[in-house]
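Below is one structure, written out as structure tokens, with a few remarks after it.
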Amino acid sequence: MQSINHHPFTKGLLTWYRQHARELPWRQTQDPYAIWLSEVVLQQTRVAQGLPYYLKLLEVFPTVESLAHADESVLFRHWQGLGYYSRARNLHKTAKLVVSDFQGKFPTTYDALIQLPGVGPYTAAAIASFAFGEAKPVVDGNVFRILARYFGIETDILHSSARKEFTEVAQELIPNDLAAEFNQAIMDFGSLQCSPAPSCGSCPLSLTCFAFQQKRISDFPVKQKKAKQRNRYFNYFIVEQGKRILIRERKEKDIWSGLWEFYLVESPQVEELESIMEMDENLSTLLQGATIQSLKSPKLHILSHQKIHCRAWHIQVPDNLDISMLDGFQWIQPEDFEKLGKSVLLLNLITDNLHLQIFNDSMPR
């Protein structure tokens with residue numbers, strides 16, 4: 001491969017970027033906290049979706065100290081809708097670690113940054129290059145796609161050896177004195193130019209791109225088929241007693257751990273209410289003497305490896321009903337529930353059923 005600063009890939013990429021760079025707020029700073037926050041928000045999230053969350057989080061938690069000292073539930077409330085809540089938990093954990101072990105100062109090298117909770121190779125490279133100028137390349141799905149097409153790399157990108165191979169290629173291309181610009185450029189190039197449906201006709205790298213020259217664009221990157229998504233069937237019961245609702249925090253190692261929800265019965269398939277009652281002994285107790293109303297259900301909720309099918313009922317129970325048999329559940333005012341972190345599925349369920357008096361009076365539209 002030619003020397004770093006004269007390789008046609010690097011030259012063409014930087015020339016393109018200087019004409020097409022996106023104006024993003026985290027590119028106007030070298031503050032490692034702001035850069036780290038943006039990278040965590042944008043994991044598994046498009047820029048258009050993540051930008052408002054980033055700006056809000058930076059407003060609410062302007063420093064790593066303010067984030068470290070915040071209650072996790074407050075962070076979850078502002079994270080609500082971004083999904084992948086393990087990111088938020090690691091965000092909080094890392095903030096507390098930076099404050100307690102590093103006096104509020106982020107480590108300045110890739111090797112030290114990658115030791116922080118939730119900071120993987122991509123995020124560590126981004127912080128190291130953007131904040132401290134270290135020549136470490138960012139390597140993610142976009143970079144896999146760009147380099148696989150340009151160099152004709154046949155390695156399956158889901159193979160365990162792929163990251164090491166693609167990182168070595170990128171390391172040869174990144175200029176020592178323009179590390180931040182190179183990484184920003186390749187991010188934008190993958191989003192705007194060499195996307196899954198690329199604009200090859202206007203690409204400045206097409207003359208030296210293996211896939212374009214060989215008419216094999218659709219062959220790269222090589223990627224084995226994804227595992228099938230699992231179908232799950234959630235049956236939610238909004239249990240109301242005296243203008244209070246019954247909720248619990250999800251604790252198990254599953255989706256939405258740490259978020260709050262209504263009474264839930266998961267079934268193996270779509271079931272009628274009578275069948276669901278037979279599956280859950282406590283539900284039968286809750287429904288004794290209760291007024292039951294079927295609710296409008298949200299659309300199919302799709303996660304990375306799961307499809308959540310949801311049905312819901314509103315249950316008005318007698319004022320004297322004892323819930324001591326329900327472990328982990330508590331009564332709460334609807335306006336207080338609004339302040340807690342919950343899944344997008346439940347947000348949609350509430351929005352679809354604002355005709356319920358408890359939500360119509362207490363929830364913001």
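Letters A, B, ... mark the chains of the structure tokens in the order given; residue numbers begin at 1 per chain; ligand numbers begin at 1, in order shown.
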
| field | For A:Pro25: contacts at 10 Å, only C-alpha atoms, fewer than 3 positions along chain excluded, given as a VMD selection string | value | chain A and resid 22 28 to 29 34 to 35 38 51 54 to 55

Stretch 211-213 of chain A: which residues within 8 Å, counting only C-alpha atoms, same-chain residues fewer than 4 positions away excluded, as a tab-separated table (two decimals) with C-alpha atoms, in the first residue's frame?
chain	number	residue	atom	x	y	z
A	149	ARG	CA	-15.78	-2.08	-1.53
A	150	TYR	CA	-12.71	0.04	-2.21
A	151	PHE	CA	-10.08	-2.68	-1.63
A	152	GLY	CA	-12.21	-5.71	-2.55
A	200	CYS	CA	-21.14	5.79	-7.27
A	206	SER	CA	-14.77	5.38	-8.11
A	207	LEU	CA	-11.79	5.28	-10.48
A	217	ILE	CA	-20.89	-3.18	-5.60
A	219	ASP	CA	-21.05	-8.13	-3.30
A	220	PHE	CA	-19.48	-5.99	-0.58

| request: DSSP on the backbone, then: every residue of stretch 217-325 of chain A marked strand (DSSP E), written as an MDAnalysis selection string. | output: chainID A and resid 230:241 244:249 260:261 263:267 291:294 301:302 306:316

Report as CSV the residues of stretch 144-241 of chain A within 12 Å of stretch 343-361 of chain A, each with its shortest atom pair and distance in Å (one decimal), using only C-alpha atoms, ordered by chain and increasing residue number.
residue,atom,partner,partner_atom,distance
A:Phe234,CA,A:Leu345,CA,10.3
A:Asn235,CA,A:Leu346,CA,11.5
A:Tyr236,CA,A:Leu346,CA,9.1
A:Phe237,CA,A:Leu349,CA,11.0
A:Ile238,CA,A:Ile350,CA,9.8
A:Val239,CA,A:Ile358,CA,10.8
A:Glu240,CA,A:Ile358,CA,8.4
A:Gln241,CA,A:Ile358,CA,10.4

Write the residues you've just listed into a file as a PDB file, in the first residue's frame, and include all heavy atoms for each of them.
ATOM      1  N   PHE A 234     -46.517  -9.757  24.288  1.00  0.00           N
ATOM      2  CA  PHE A 234     -46.659  -9.070  25.560  1.00  0.00           C
ATOM      3  C   PHE A 234     -48.120  -8.672  25.773  1.00  0.00           C
ATOM      4  O   PHE A 234     -48.724  -8.037  24.896  1.00  0.00           O
ATOM      5  CB  PHE A 234     -45.779  -7.817  25.604  1.00  0.00           C
ATOM      6  CG  PHE A 234     -44.314  -8.085  25.821  1.00  0.00           C
ATOM      7  CD1 PHE A 234     -43.791  -9.362  25.718  1.00  0.00           C
ATOM      8  CD2 PHE A 234     -43.447  -7.044  26.127  1.00  0.00           C
ATOM      9  CE1 PHE A 234     -42.441  -9.609  25.911  1.00  0.00           C
ATOM     10  CE2 PHE A 234     -42.101  -7.270  26.334  1.00  0.00           C
ATOM     11  CZ  PHE A 234     -41.587  -8.564  26.229  1.00  0.00           C
ATOM     12  N   ASN A 235     -48.642  -9.029  26.920  1.00  0.00           N
ATOM     13  CA  ASN A 235     -50.011  -8.668  27.295  1.00  0.00           C
ATOM     14  C   ASN A 235     -49.942  -7.750  28.514  1.00  0.00           C
ATOM     15  O   ASN A 235     -49.599  -8.194  29.617  1.00  0.00           O
ATOM     16  CB  ASN A 235     -50.819  -9.930  27.623  1.00  0.00           C
ATOM     17  CG  ASN A 235     -50.813 -10.922  26.473  1.00  0.00           C
ATOM     18  OD1 ASN A 235     -51.515 -10.753  25.496  1.00  0.00           O
ATOM     19  ND2 ASN A 235     -49.990 -11.971  26.598  1.00  0.00           N
ATOM     20  N   TYR A 236     -50.214  -6.465  28.304  1.00  0.00           N
ATOM     21  CA  TYR A 236     -50.112  -5.483  29.376  1.00  0.00           C
ATOM     22  C   TYR A 236     -51.480  -5.206  29.986  1.00  0.00           C
ATOM     23  O   TYR A 236     -52.495  -5.119  29.288  1.00  0.00           O
ATOM     24  CB  TYR A 236     -49.527  -4.171  28.851  1.00  0.00           C
ATOM     25  CG  TYR A 236     -48.020  -4.172  28.783  1.00  0.00           C
ATOM     26  CD1 TYR A 236     -47.355  -4.125  27.558  1.00  0.00           C
ATOM     27  CD2 TYR A 236     -47.254  -4.217  29.950  1.00  0.00           C
ATOM     28  CE1 TYR A 236     -45.964  -4.122  27.500  1.00  0.00           C
ATOM     29  CE2 TYR A 236     -45.863  -4.224  29.897  1.00  0.00           C
ATOM     30  CZ  TYR A 236     -45.228  -4.175  28.670  1.00  0.00           C
ATOM     31  OH  TYR A 236     -43.863  -4.178  28.617  1.00  0.00           O
ATOM     32  N   PHE A 237     -51.478  -5.019  31.306  1.00  0.00           N
ATOM     33  CA  PHE A 237     -52.697  -4.696  32.035  1.00  0.00           C
ATOM     34  C   PHE A 237     -52.457  -3.409  32.820  1.00  0.00           C
ATOM     35  O   PHE A 237     -51.619  -3.386  33.729  1.00  0.00           O
ATOM     36  CB  PHE A 237     -53.075  -5.842  32.971  1.00  0.00           C
ATOM     37  CG  PHE A 237     -53.405  -7.113  32.231  1.00  0.00           C
ATOM     38  CD1 PHE A 237     -52.395  -8.010  31.878  1.00  0.00           C
ATOM     39  CD2 PHE A 237     -54.710  -7.387  31.847  1.00  0.00           C
ATOM     40  CE1 PHE A 237     -52.687  -9.165  31.168  1.00  0.00           C
ATOM     41  CE2 PHE A 237     -55.017  -8.544  31.144  1.00  0.00           C
ATOM     42  CZ  PHE A 237     -54.008  -9.430  30.807  1.00  0.00           C
ATOM     43  N   ILE A 238     -53.162  -2.358  32.417  1.00  0.00           N
ATOM     44  CA  ILE A 238     -53.066  -1.088  33.142  1.00  0.00           C
ATOM     45  C   ILE A 238     -54.075  -1.176  34.286  1.00  0.00           C
ATOM     46  O   ILE A 238     -55.280  -0.989  34.103  1.00  0.00           O
ATOM     47  CB  ILE A 238     -53.365   0.104  32.219  1.00  0.00           C
ATOM     48  CG1 ILE A 238     -52.371   0.114  31.051  1.00  0.00           C
ATOM     49  CG2 ILE A 238     -53.290   1.413  32.998  1.00  0.00           C
ATOM     50  CD1 ILE A 238     -52.637   1.202  30.029  1.00  0.00           C
ATOM     51  N   VAL A 239     -53.555  -1.520  35.449  1.00  0.00           N
ATOM     52  CA  VAL A 239     -54.403  -1.761  36.621  1.00  0.00           C
ATOM     53  C   VAL A 239     -54.560  -0.446  37.383  1.00  0.00           C
ATOM     54  O   VAL A 239     -53.570   0.147  37.821  1.00  0.00           O
ATOM     55  CB  VAL A 239     -53.789  -2.842  37.528  1.00  0.00           C
ATOM     56  CG1 VAL A 239     -54.697  -3.106  38.723  1.00  0.00           C
ATOM     57  CG2 VAL A 239     -53.556  -4.137  36.734  1.00  0.00           C
ATOM     58  N   GLU A 240     -55.805  -0.011  37.553  1.00  0.00           N
ATOM     59  CA  GLU A 240     -56.095   1.264  38.216  1.00  0.00           C
ATOM     60  C   GLU A 240     -56.893   1.013  39.491  1.00  0.00           C
ATOM     61  O   GLU A 240     -57.819   0.215  39.524  1.00  0.00           O
ATOM     62  CB  GLU A 240     -56.895   2.179  37.282  1.00  0.00           C
ATOM     63  CG  GLU A 240     -57.235   3.527  37.915  1.00  0.00           C
ATOM     64  CD  GLU A 240     -58.121   4.387  37.029  1.00  0.00           C
ATOM     65  OE1 GLU A 240     -58.462   3.935  35.910  1.00  0.00           O
ATOM     66  OE2 GLU A 240     -58.480   5.498  37.453  1.00  0.00           O
ATOM     67  N   GLN A 241     -56.510   1.733  40.538  1.00  0.00           N
ATOM     68  CA  GLN A 241     -57.248   1.691  41.800  1.00  0.00           C
ATOM     69  C   GLN A 241     -57.243   3.090  42.406  1.00  0.00           C
ATOM     70  O   GLN A 241     -56.175   3.621  42.757  1.00  0.00           O
ATOM     71  CB  GLN A 241     -56.612   0.708  42.788  1.00  0.00           C
ATOM     72  CG  GLN A 241     -57.380   0.575  44.104  1.00  0.00           C
ATOM     73  CD  GLN A 241     -56.612  -0.258  45.117  1.00  0.00           C
ATOM     74  OE1 GLN A 241     -55.574   0.156  45.611  1.00  0.00           O
ATOM     75  NE2 GLN A 241     -57.135  -1.458  45.413  1.00  0.00           N
TER      76      GLN A 241
END

Please list as a compact mmCIF listing (two decimals) with all heavy atoms, in the first residue's frame every residue within 10 Å of A:Pro198, counting only C-alpha atoms and excluding residues in the same chain fewer than 4 positions away.
# COMPACT_ATOMS: atom_id res chain seq x y z
N ILE A 146 -17.11 0.65 3.36
CA ILE A 146 -16.28 1.49 2.48
C ILE A 146 -15.00 0.76 2.09
O ILE A 146 -14.64 0.68 0.90
CB ILE A 146 -15.94 2.82 3.19
CG1 ILE A 146 -17.19 3.65 3.42
CG2 ILE A 146 -14.91 3.61 2.38
CD1 ILE A 146 -17.00 4.78 4.40
N PHE A 189 -18.63 10.00 4.88
CA PHE A 189 -18.58 9.33 3.58
C PHE A 189 -19.47 8.09 3.58
O PHE A 189 -20.18 7.81 2.61
CB PHE A 189 -17.14 8.96 3.25
CG PHE A 189 -16.90 8.59 1.81
CD1 PHE A 189 -16.90 9.57 0.82
CD2 PHE A 189 -16.68 7.27 1.44
CE1 PHE A 189 -16.68 9.25 -0.52
CE2 PHE A 189 -16.46 6.94 0.11
CZ PHE A 189 -16.47 7.93 -0.88
N GLY A 190 -19.45 7.36 4.70
CA GLY A 190 -20.28 6.17 4.81
C GLY A 190 -21.76 6.48 4.91
O GLY A 190 -22.61 5.70 4.48
N SER A 191 -22.08 7.65 5.50
CA SER A 191 -23.48 8.03 5.65
C SER A 191 -24.05 8.67 4.40
O SER A 191 -25.21 8.45 4.05
CB SER A 191 -23.62 9.00 6.83
OG SER A 191 -23.28 8.37 8.04
N LEU A 192 -23.24 9.48 3.72
CA LEU A 192 -23.75 10.30 2.63
C LEU A 192 -23.40 9.79 1.23
O LEU A 192 -24.16 9.99 0.29
CB LEU A 192 -23.22 11.74 2.78
CG LEU A 192 -23.50 12.44 4.11
CD1 LEU A 192 -22.83 13.81 4.13
CD2 LEU A 192 -24.99 12.57 4.35
N GLN A 193 -22.26 9.15 1.08
CA GLN A 193 -21.77 8.80 -0.26
C GLN A 193 -21.74 7.29 -0.48
O GLN A 193 -22.41 6.76 -1.35
CB GLN A 193 -20.37 9.38 -0.47
CG GLN A 193 -19.82 9.20 -1.88
CD GLN A 193 -20.43 10.15 -2.88
OE1 GLN A 193 -20.55 11.35 -2.63
NE2 GLN A 193 -20.84 9.64 -4.02
N CYS A 194 -20.95 6.60 0.33
CA CYS A 194 -20.80 5.15 0.17
C CYS A 194 -21.75 4.44 1.14
O CYS A 194 -21.35 3.62 1.95
CB CYS A 194 -19.35 4.74 0.43
SG CYS A 194 -18.94 3.07 -0.14
N SER A 202 -21.19 9.90 -8.53
CA SER A 202 -20.57 11.15 -8.08
C SER A 202 -19.43 10.91 -7.10
O SER A 202 -18.96 11.84 -6.45
CB SER A 202 -21.62 12.04 -7.42
OG SER A 202 -22.17 11.40 -6.28
N CYS A 203 -18.98 9.67 -6.99
CA CYS A 203 -17.96 9.33 -6.00
C CYS A 203 -16.57 9.66 -6.50
O CYS A 203 -16.16 9.19 -7.59
CB CYS A 203 -18.05 7.85 -5.65
SG CYS A 203 -16.80 7.33 -4.44
N ILE A 217 -20.49 -3.99 -6.75
CA ILE A 217 -20.89 -3.18 -5.60
C ILE A 217 -21.75 -3.99 -4.61
O ILE A 217 -21.55 -3.93 -3.40
CB ILE A 217 -21.67 -1.93 -6.05
CG1 ILE A 217 -20.77 -1.00 -6.87
CG2 ILE A 217 -22.24 -1.19 -4.85
CD1 ILE A 217 -19.62 -0.43 -6.09
N SER A 218 -22.69 -4.74 -5.13
CA SER A 218 -23.62 -5.47 -4.26
C SER A 218 -22.97 -6.65 -3.54
O SER A 218 -23.56 -7.22 -2.62
CB SER A 218 -24.83 -5.97 -5.06
OG SER A 218 -24.40 -6.87 -6.08

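Here the question is which of A:Ala148, A:Met279, A:Thr167, A:Ser294 gets nearest to A:Lys223 using only C-alpha atoms, and that residue is A:Ala148.
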
| query | What lies within 12 Å of A:Ser284 using only C-alpha atoms, ignoring chain neighbours under 6 positions off, as a PyMOL selection string? | reply | chain A and resi 237+265+273-278+290+315+317

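For A:Gln269, the residues within 9 Å (counting only C-alpha atoms, excluding itself and residues fewer than 3 positions away along the chain) are Asn231, Arg232, Tyr233, Glu266 and His309 of chain A.
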
| Distance of atom CA of A:Ile174 from atom CA of A:Trp36, expressed in Å to one decimal place | 20.7 Å

| Nearest to A:Val47, chosen from A:Val119, A:Val64, A:Glu59, A:Glu23, with only C-alpha atoms counted in the distances | A:Glu23

| task | Using DSSP on the backbone, list every residue of stretch 179-261 of chain A that comes out as helix (DSSP H, G or I), and give them as a PyMOL selection string. | result | chain A and resi 179-193+200-202+206-208+210-213+217-219

| task | Write out as JSON, numbers by chain the residues lying within 9 Å of A:His20, counting only C-alpha atoms and excluding same-chain residues fewer than 3 positions away. | result | {"A": [15, 16, 17, 185, 188, 189, 192]}

Could you write those residues out with C-alpha atoms, as a PDB file, in the first residue's frame?
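Result file is result35.pdb:
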ATOM      1  CA  THR A  15     -10.985  16.337  -0.580  1.00  0.00           C
ATOM      2  CA  TRP A  16     -14.566  15.083  -0.620  1.00  0.00           C
ATOM      3  CA  TYR A  17     -15.037  15.813   3.095  1.00  0.00           C
ATOM      4  CA  ALA A 185     -14.544  12.217   6.854  1.00  0.00           C
ATOM      5  CA  ASP A 188     -19.695  11.195   6.689  1.00  0.00           C
ATOM      6  CA  PHE A 189     -18.579   9.332   3.580  1.00  0.00           C
ATOM      7  CA  LEU A 192     -23.750  10.299   2.627  1.00  0.00           C
TER       8      LEU A 192
END

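Counting only C-alpha atoms, the residue from A:Pro221, A:Arg77, A:Ala128, A:Leu113 that sits nearest to A:His159 is A:Pro221.
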
| task | Give me the residues within 9 Å of A:Leu82 as a PyMOL selection string, counting only C-alpha atoms and dropping any in the same chain fewer than 5 places off. | result | chain A and resi 41+45+49-50+53+344

Using the selection just defined, write its residues with C-alpha atoms as a PDB file, in the first residue's frame.
ATOM      1  CA  VAL A  41     -25.885   8.562  21.922  1.00  0.00           C
ATOM      2  CA  THR A  45     -28.839   5.548  16.287  1.00  0.00           C
ATOM      3  CA  GLN A  49     -32.679  10.870  15.637  1.00  0.00           C
ATOM      4  CA  GLY A  50     -29.796  11.232  18.080  1.00  0.00           C
ATOM      5  CA  TYR A  53     -31.190  13.742  22.534  1.00  0.00           C
ATOM      6  CA  VAL A 344     -41.105   3.311  23.501  1.00  0.00           C
TER       7      VAL A 344
END
